[in-house]
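Here the structure is laid out as structure tokens; the discussion comes afterwards.
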Amino acid sequence: MDTSVKRKKAGSPPEIDIGRETRMELYRQQLELRYCEKRAYDLFLQNLIKGTSHLSLGQEAIAAGFGVAMRPDDWTFCTYRGHAHTLARGASMAGVLGELMGRECGLLGGKGGSMHLTDVSKGAMGSYAIIGAHLPVAAGAAWSAQYRGTEQVAVCFFGDGTTNIGAFHEALNFAAIWKLPVIFVCENNLYMEYTPIHTVTAVEHPAADRASAYGLEKIVIDGNDADEVYKTAVKFMDRARKGGGPALIEAMTYRHSGHSRADPGQYRPKGELEKWLEQDPLKRYRSRLLEVGFNEATLKDMEAEAMRKVDEATETAKASPVPGLDAIDRDVWADGSTAWRN
Amino acid sequence: MAELTYRDAVAAGIAQEMERDENVVFLGEDIGAAGGVFKATVGLFEKFGPRRVRDTPISEQAILGAAMGAAMTGLKPIAEIMFSDFLAVCWDIVANEIAKTRYMTNGQIALPLVIRTANGAGSRFGAQHSQAVENWAMAIPGIKVVAPAFPADVKGLLAAAVRDPDPVLFFEQKSLYPMKGEVPDGEHVDELGKAKVLREGKDCTIVALASMVHKSLDAAAILEKEHGISATVVDVRSLVPLDTQTILTEIGKTGRLFTVEENPRLCGWGAEIVSIAAEECFWTLDAPMVRITTPHIPLPSADKLEDATIPSVERIVKEVSQKMD
């Protein structure tokens, strides 16, 4: 990666230049996340994906921005809306689609499903289906990094609805008092499941307005701008690595689809989606790349390549068998067994 | 062998493991300079310092969440939840996260952590600080459940729990903290999942856990002396994994089973043992099995009321002797 981080003077935030390679990586990531999730939706319609699933179409810039900024040994903690965050760490796309389809090649061998995607080998330390559960867990991983002096950072993604859960406040306070290297990233997509977040929250910015309660600065960013997300990620992760403690970032964004598979999102006021589609992170990033000198052919090649990758992953996943029933009796315990008695 | 109290055995077990392994860390409310509200962790802060013995805010979700995050990334945390009743405050982390993560991730994530907590009645603390809740935990696949009755077991089983690659919920009986007993000197590590036969009899088998082990032993002595009933007493020690082999063998020898537990009546662990016995050694039984439990009520606080609620030596003697007639 050609990121250059320059310090103006000791103690001041670094200036970050985003080079051509990094920009390509940010675009590539966003394309893959978008195409893969759209594919997941198609596979639903074909009834190849069962259960539920929570897409983050329209929110790709956040997962991509952090995914590109993170060190390979950093840790990601995300929610049940975690396909993009898991993929952004480099998890196998066939593994993600395979898991959604309940196939043996799935990241979790078909035992976890959409809401629990995990790839420890890539630092994707789990998707958590209970709102707020993973914020303290991310703090714990950060404690472990701090304890062992590894300069690893834990990045914890969650939605705006999480900010009204007790665990949010417990984790923020805990991370702040121990100065833990954890970055809490609130993806504020304006809706707490089906309900507008502002109708159930006492403050305008559900995360950022509460940061000061934990001695943290108020940070609100444009979550649909991959460059801004990336710069913010580099800045605060760098600070956290050096012992500067946690950060709470509120990234403003919008999900193009409903809360979950079952939700068409009809509660949204007329025109709102259309307004946000103009702010589509991929559309905006494409325009920017053209402005800064990328040519149309390069971008088209990248788009075709991303689609090819998704097609290939889909075929691999489809070709994978369903897990054998012997998998049921594995891995409750570390010895691989499920035995609770002799 | 040194004579230690049950509470000192806790500190001895933790110290033994922290000395052995730099990755063992300890966190909880008031565990540091204060030495714990039950004084079960006195001296650890002085010995290992604030980097490894960490006072936390009153944030049970954060304590267990942090223990989980630390465990999955290389540490071996011991987390204290002050009173077992407070597990309810962080039950999501215990039941949905810690217990299920290994399975859901197809074995990718191991969680070598111990949750220690003070369990049970006898201190007049009332219904929110006195419950025996080991049966809550026993119902969830993915978490081991240990409840020692003697100081030696506290040290040995706690060490085994720390060394176990799976999450362990370790129930210390708060009424037993002052109790003294012989504890092996030097490194002492027991084995999880082994029940102990503490007394062998020929007329009936009493299966008990934690404080009820002591009451059952006292009751067995009285039963022998005053009623001529010779009772075997089995200390279960570990509910998950459960040593059904020892339990069933002992039931088979006497043909009669009594379980004695602090849990409220419904869905206590005794019901599980009775059910296993019904399925697996029914034809060795000479009489219906009997569960001695607390009634299905929240725990009262006043001396007389609490004493009348929890199974007492007298009640065990009475129930066993009546049923044996």
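Residues are named by chain letter and number: chains run A, B, ... in the order of the structure tokens, numbers start at 1 in each chain, and ligands are numbered from 1 in the order shown.
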Check your understanding: Hey, what's within 8 Å of Gly243 in chain A if we count only C-alpha atoms and toss same-chain stuff fewer than 2 positions away? As a list in words, please?
Key ->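 Using only C-alpha atoms, the neighbours found are Lys179, Leu180, Pro181, Arg239, Ala240, Arg241 and Gly245 of chain A.
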Please, could you write that set of residues out with N, CA, C and O atoms as an mmCIF file, in the first residue's frame?
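So the final result, stored in again_6.cif, reads:
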```
data_model
loop_
_atom_site.group_PDB
_atom_site.id
_atom_site.type_symbol
_atom_site.label_atom_id
_atom_site.label_comp_id
_atom_site.auth_asym_id
_atom_site.auth_seq_id
_atom_site.Cartn_x
_atom_site.Cartn_y
_atom_site.Cartn_z
ATOM 1 N N LYS A 179 -7.737 3.010 28.324
ATOM 2 C CA LYS A 179 -7.046 3.535 27.123
ATOM 3 C C LYS A 179 -6.767 2.437 26.099
ATOM 4 O O LYS A 179 -5.632 2.252 25.623
ATOM 5 N N LEU A 180 -7.788 1.703 25.776
ATOM 6 C CA LEU A 180 -7.600 0.526 24.924
ATOM 7 C C LEU A 180 -7.539 0.886 23.440
ATOM 8 O O LEU A 180 -8.229 1.813 22.996
ATOM 9 N N PRO A 181 -6.744 0.152 22.673
ATOM 10 C CA PRO A 181 -6.659 0.404 21.233
ATOM 11 C C PRO A 181 -7.844 -0.197 20.482
ATOM 12 O O PRO A 181 -7.732 -1.222 19.819
ATOM 13 N N ARG A 239 -3.224 6.449 16.075
ATOM 14 C CA ARG A 239 -3.183 6.989 17.437
ATOM 15 C C ARG A 239 -3.389 5.880 18.465
ATOM 16 O O ARG A 239 -2.683 5.809 19.473
ATOM 17 N N ALA A 240 -4.325 4.998 18.179
ATOM 18 C CA ALA A 240 -4.611 3.903 19.119
ATOM 19 C C ALA A 240 -3.403 2.973 19.271
ATOM 20 O O ALA A 240 -3.072 2.536 20.372
ATOM 21 N N ARG A 241 -2.747 2.698 18.164
ATOM 22 C CA ARG A 241 -1.554 1.817 18.208
ATOM 23 C C ARG A 241 -0.461 2.389 19.108
ATOM 24 O O ARG A 241 0.289 1.669 19.738
ATOM 25 N N GLY A 245 -5.364 5.505 22.946
ATOM 26 C CA GLY A 245 -6.690 5.114 23.413
ATOM 27 C C GLY A 245 -7.732 5.013 22.316
ATOM 28 O O GLY A 245 -7.426 5.115 21.136
#
```
Chain A residues within 9 Å of chain B, counting only C-alpha atoms: which ones, as a PDB file with C-alpha atoms, in the first residue's frame?
```pdb
ATOM      1  CA  LEU A 107     -16.633 -19.943   6.438  1.00  0.00           C
ATOM      2  CA  LEU A 108     -18.341 -21.711   9.330  1.00  0.00           C
ATOM      3  CA  GLY A 109     -19.029 -24.986   7.585  1.00  0.00           C
ATOM      4  CA  GLY A 110     -22.709 -24.115   7.534  1.00  0.00           C
ATOM      5  CA  LYS A 111     -22.988 -23.974  11.320  1.00  0.00           C
ATOM      6  CA  GLY A 112     -23.118 -20.220  11.716  1.00  0.00           C
ATOM      7  CA  GLY A 113     -25.012 -18.693   8.832  1.00  0.00           C
ATOM      8  CA  HIS A 116     -22.107 -15.111  12.389  1.00  0.00           C
ATOM      9  CA  LEU A 117     -19.530 -14.799   9.619  1.00  0.00           C
ATOM     10  CA  THR A 118     -16.054 -15.209  11.060  1.00  0.00           C
ATOM     11  CA  ASP A 119     -12.603 -15.754   9.596  1.00  0.00           C
ATOM     12  CA  VAL A 120     -10.013 -15.705  12.327  1.00  0.00           C
ATOM     13  CA  SER A 121      -7.202 -16.264   9.822  1.00  0.00           C
ATOM     14  CA  MET A 125     -13.264 -12.071  14.788  1.00  0.00           C
ATOM     15  CA  GLY A 126     -16.931 -12.642  14.431  1.00  0.00           C
ATOM     16  CA  TYR A 128     -22.560 -10.862  16.500  1.00  0.00           C
ATOM     17  CA  ILE A 130     -27.226  -9.690  19.552  1.00  0.00           C
ATOM     18  CA  ALA A 133     -22.824  -7.788  22.462  1.00  0.00           C
ATOM     19  CA  HIS A 134     -19.571  -7.341  20.581  1.00  0.00           C
ATOM     20  CA  LEU A 135     -18.572  -3.897  21.807  1.00  0.00           C
ATOM     21  CA  PRO A 136     -17.192  -5.224  25.107  1.00  0.00           C
ATOM     22  CA  VAL A 137     -15.678  -8.170  23.243  1.00  0.00           C
ATOM     23  CA  ALA A 138     -13.768  -5.815  20.956  1.00  0.00           C
ATOM     24  CA  ALA A 139     -12.582  -3.931  24.027  1.00  0.00           C
ATOM     25  CA  GLY A 140     -11.314  -7.235  25.416  1.00  0.00           C
ATOM     26  CA  ALA A 141      -9.342  -7.987  22.270  1.00  0.00           C
ATOM     27  CA  ALA A 142      -7.867  -4.494  22.467  1.00  0.00           C
ATOM     28  CA  TRP A 143      -6.913  -5.179  26.075  1.00  0.00           C
ATOM     29  CA  SER A 144      -5.124  -8.307  24.943  1.00  0.00           C
ATOM     30  CA  ALA A 145      -3.186  -6.308  22.322  1.00  0.00           C
ATOM     31  CA  TYR A 147      -1.270  -6.322  27.438  1.00  0.00           C
ATOM     32  CA  ARG A 148       1.059  -8.022  24.984  1.00  0.00           C
ATOM     33  CA  GLY A 166     -26.314  -0.673  27.876  1.00  0.00           C
ATOM     34  CA  ALA A 167     -23.350  -2.602  26.494  1.00  0.00           C
ATOM     35  CA  GLU A 170     -20.254  -0.110  29.354  1.00  0.00           C
ATOM     36  CA  ALA A 171     -17.797  -0.791  26.556  1.00  0.00           C
ATOM     37  CA  ASN A 173     -16.378   3.630  29.508  1.00  0.00           C
ATOM     38  CA  PHE A 174     -14.292   0.495  29.873  1.00  0.00           C
ATOM     39  CA  ALA A 327     -20.652 -31.811  11.624  1.00  0.00           C
ATOM     40  CA  ARG A 330     -18.368 -31.306  16.483  1.00  0.00           C
ATOM     41  CA  ASP A 331     -16.889 -28.320  18.204  1.00  0.00           C
ATOM     42  CA  VAL A 332     -18.917 -27.576  21.244  1.00  0.00           C
ATOM     43  CA  TRP A 333     -15.684 -28.192  23.159  1.00  0.00           C
ATOM     44  CA  ALA A 334     -12.052 -27.623  22.328  1.00  0.00           C
ATOM     45  CA  ASP A 335     -11.422 -31.331  21.906  1.00  0.00           C
ATOM     46  CA  GLY A 336     -13.932 -31.218  19.081  1.00  0.00           C
ATOM     47  CA  THR A 338     -20.040 -32.304  22.307  1.00  0.00           C
ATOM     48  CA  ALA A 339     -19.908 -34.657  25.302  1.00  0.00           C
ATOM     49  CA  TRP A 340     -21.288 -33.260  28.548  1.00  0.00           C
ATOM     50  CA  ARG A 341     -21.057 -36.472  30.561  1.00  0.00           C
ATOM     51  CA  ASN A 342     -19.011 -39.618  30.789  1.00  0.00           C
TER      52      ASN A 342
END
```
Practice item. Kindly indicate which residue among B:Ser321, B:Asn263, B:Gln131, B:Ser312 lies nearest to Gly228 in chain B, using only C-alpha atoms for the distances. Key: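 Closest to Gly228 in chain B, using only C-alpha atoms: B:Ser321.
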Point to revise | Residues flagged strand (DSSP E) by DSSP in range 117-189 of chain B, as a PyMOL selection string | key: chain B and resi 117-119+144-146+168-173+180-183
Those residues with C-alpha atoms, as a compact mmCIF listing (two decimals), in the first residue's frame please?
```txt
# COMPACT_ATOMS: atom_id res chain seq x y z
CA THR B 117 -18.76 -16.11 41.12
CA ALA B 118 -20.11 -16.34 44.67
CA ASN B 119 -23.18 -18.55 44.73
CA LYS B 144 -18.55 -26.01 31.76
CA VAL B 145 -19.99 -25.72 35.26
CA VAL B 146 -18.00 -26.43 38.41
CA VAL B 168 -15.80 -22.55 32.73
CA LEU B 169 -18.31 -21.07 35.13
CA PHE B 170 -16.87 -21.59 38.60
CA PHE B 171 -19.39 -21.34 41.42
CA GLU B 172 -17.91 -20.64 44.83
CA GLN B 173 -20.33 -21.20 47.66
CA LYS B 180 -11.16 -24.65 56.68
CA GLY B 181 -9.62 -27.72 55.13
CA GLU B 182 -6.40 -29.38 54.11
CA VAL B 183 -5.03 -28.17 50.79
```
Check your understanding: Which of these, B:Val94, B:Val260, B:Val320, B:Leu44, has the shortest distance to Asp203 in chain B once you count only C-alpha atoms?
Key -> B:Val320
Pick out the residues sitting within 10 Å of Met237 in chain A, and hand them over as a PDB file with N, CA and C atoms, in the first residue's frame; count only C-alpha atoms, and ignore anything fewer than 2 positions along from it in its own chain.
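For reference, around21.pdb as written:
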```pdb
ATOM      1  N   PHE A  66     -12.157   1.084   6.125  1.00  0.00           N
ATOM      2  CA  PHE A  66     -11.430   0.458   7.238  1.00  0.00           C
ATOM      3  C   PHE A  66     -10.660  -0.767   6.768  1.00  0.00           C
ATOM      4  N   ALA A  69      -7.496   0.258   5.373  1.00  0.00           N
ATOM      5  CA  ALA A  69      -6.601   0.928   6.334  1.00  0.00           C
ATOM      6  C   ALA A  69      -6.027  -0.029   7.388  1.00  0.00           C
ATOM      7  N   MET A  70      -6.693  -1.134   7.609  1.00  0.00           N
ATOM      8  CA  MET A  70      -6.283  -2.022   8.717  1.00  0.00           C
ATOM      9  C   MET A  70      -5.052  -2.851   8.372  1.00  0.00           C
ATOM     10  N   ARG A  71      -4.288  -3.154   9.420  1.00  0.00           N
ATOM     11  CA  ARG A  71      -3.155  -4.058   9.295  1.00  0.00           C
ATOM     12  C   ARG A  71      -3.696  -5.490   9.245  1.00  0.00           C
ATOM     13  N   ASP A  74      -4.772  -6.809  12.561  1.00  0.00           N
ATOM     14  CA  ASP A  74      -5.799  -6.121  13.348  1.00  0.00           C
ATOM     15  C   ASP A  74      -7.059  -6.983  13.391  1.00  0.00           C
ATOM     16  N   GLU A 151       0.624  -3.678  19.403  1.00  0.00           N
ATOM     17  CA  GLU A 151       0.150  -2.558  18.583  1.00  0.00           C
ATOM     18  C   GLU A 151      -0.942  -2.966  17.594  1.00  0.00           C
ATOM     19  N   GLN A 152      -1.654  -4.032  17.912  1.00  0.00           N
ATOM     20  CA  GLN A 152      -2.831  -4.371  17.103  1.00  0.00           C
ATOM     21  C   GLN A 152      -3.997  -3.491  17.549  1.00  0.00           C
ATOM     22  N   VAL A 153      -4.932  -3.295  16.621  1.00  0.00           N
ATOM     23  CA  VAL A 153      -6.113  -2.497  16.943  1.00  0.00           C
ATOM     24  C   VAL A 153      -7.362  -3.341  16.685  1.00  0.00           C
ATOM     25  N   ALA A 154      -8.339  -3.195  17.551  1.00  0.00           N
ATOM     26  CA  ALA A 154      -9.642  -3.832  17.331  1.00  0.00           C
ATOM     27  C   ALA A 154     -10.596  -2.780  16.778  1.00  0.00           C
ATOM     28  N   VAL A 155     -11.244  -3.101  15.673  1.00  0.00           N
ATOM     29  CA  VAL A 155     -12.217  -2.183  15.084  1.00  0.00           C
ATOM     30  C   VAL A 155     -13.590  -2.823  15.225  1.00  0.00           C
ATOM     31  N   PRO A 181      -6.744   0.152  22.673  1.00  0.00           N
ATOM     32  CA  PRO A 181      -6.659   0.404  21.233  1.00  0.00           C
ATOM     33  C   PRO A 181      -7.844  -0.197  20.482  1.00  0.00           C
ATOM     34  N   VAL A 182      -8.983   0.441  20.644  1.00  0.00           N
ATOM     35  CA  VAL A 182     -10.193  -0.034  19.970  1.00  0.00           C
ATOM     36  C   VAL A 182     -10.869   1.157  19.304  1.00  0.00           C
ATOM     37  N   ILE A 183     -11.323   0.953  18.076  1.00  0.00           N
ATOM     38  CA  ILE A 183     -12.047   1.998  17.352  1.00  0.00           C
ATOM     39  C   ILE A 183     -13.496   1.540  17.212  1.00  0.00           C
ATOM     40  N   LYS A 231      -9.175   7.876   5.580  1.00  0.00           N
ATOM     41  CA  LYS A 231      -8.316   8.832   6.298  1.00  0.00           C
ATOM     42  C   LYS A 231      -8.600   8.816   7.799  1.00  0.00           C
ATOM     43  N   THR A 232      -9.870   8.772   8.118  1.00  0.00           N
ATOM     44  CA  THR A 232     -10.245   8.753   9.535  1.00  0.00           C
ATOM     45  C   THR A 232      -9.733   7.476  10.196  1.00  0.00           C
ATOM     46  N   ALA A 233      -9.871   6.379   9.480  1.00  0.00           N
ATOM     47  CA  ALA A 233      -9.419   5.087  10.023  1.00  0.00           C
ATOM     48  C   ALA A 233      -7.919   5.120  10.283  1.00  0.00           C
ATOM     49  N   VAL A 234      -7.158   5.577   9.306  1.00  0.00           N
ATOM     50  CA  VAL A 234      -5.696   5.610   9.456  1.00  0.00           C
ATOM     51  C   VAL A 234      -5.314   6.486  10.642  1.00  0.00           C
ATOM     52  N   LYS A 235      -5.948   7.641  10.724  1.00  0.00           N
ATOM     53  CA  LYS A 235      -5.604   8.604  11.774  1.00  0.00           C
ATOM     54  C   LYS A 235      -5.850   8.029  13.178  1.00  0.00           C
ATOM     55  N   ARG A 239      -3.224   6.449  16.075  1.00  0.00           N
ATOM     56  CA  ARG A 239      -3.183   6.989  17.437  1.00  0.00           C
ATOM     57  C   ARG A 239      -3.389   5.880  18.465  1.00  0.00           C
ATOM     58  N   ALA A 240      -4.325   4.998  18.179  1.00  0.00           N
ATOM     59  CA  ALA A 240      -4.611   3.903  19.119  1.00  0.00           C
ATOM     60  C   ALA A 240      -3.403   2.973  19.271  1.00  0.00           C
ATOM     61  N   ARG A 241      -2.747   2.698  18.164  1.00  0.00           N
ATOM     62  CA  ARG A 241      -1.554   1.817  18.208  1.00  0.00           C
ATOM     63  C   ARG A 241      -0.461   2.389  19.108  1.00  0.00           C
ATOM     64  N   LYS A 242      -0.396   3.723  19.139  1.00  0.00           N
ATOM     65  CA  LYS A 242       0.670   4.386  19.898  1.00  0.00           C
ATOM     66  C   LYS A 242       0.247   4.648  21.352  1.00  0.00           C
ATOM     67  N   GLY A 243      -0.865   4.063  21.752  1.00  0.00           N
ATOM     68  CA  GLY A 243      -1.273   4.212  23.152  1.00  0.00           C
ATOM     69  C   GLY A 243      -2.228   5.363  23.393  1.00  0.00           C
ATOM     70  N   GLY A 244      -2.750   5.957  22.305  1.00  0.00           N
ATOM     71  CA  GLY A 244      -3.628   7.124  22.444  1.00  0.00           C
ATOM     72  C   GLY A 244      -5.057   6.788  22.823  1.00  0.00           C
ATOM     73  N   GLY A 245      -5.364   5.505  22.946  1.00  0.00           N
ATOM     74  CA  GLY A 245      -6.690   5.114  23.413  1.00  0.00           C
ATOM     75  C   GLY A 245      -7.732   5.013  22.316  1.00  0.00           C
ATOM     76  N   PRO A 246      -8.965   4.780  22.747  1.00  0.00           N
ATOM     77  CA  PRO A 246     -10.037   4.490  21.793  1.00  0.00           C
ATOM     78  C   PRO A 246     -10.562   5.731  21.072  1.00  0.00           C
ATOM     79  N   ALA A 247     -11.341   5.479  20.033  1.00  0.00           N
ATOM     80  CA  ALA A 247     -12.078   6.546  19.360  1.00  0.00           C
ATOM     81  C   ALA A 247     -13.475   6.026  19.050  1.00  0.00           C
TER      82      ALA A 247
END
```
Exercise for review: Name the closest residue to Phe236 in chain A among the candidates A:Phe184, A:Phe168, A:Tyr254, A:Trp75; distances are taken between atoms, counting only C-alpha atoms.
Suggested key: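 Looking only at the distances to Phe236 in chain A, the closest residue turns out to be A:Phe184.
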**Study point:** Nearby residues (only C-alpha atoms) at most 9 Å from Gly268 in chain B, same-chain spacing under 5 positions excluded, as a ChimeraX atom specification
**Key:** /B:133-136,261-263,293
Review point. Of the candidates A:Glu204, A:Asp329, A:Glu60, A:Asp311, which shows the shortest atom-to-atom distance to Gln29 in chain A, using only C-alpha atoms?
Key: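 The closest residue to Gln29 in chain A is A:Glu60.
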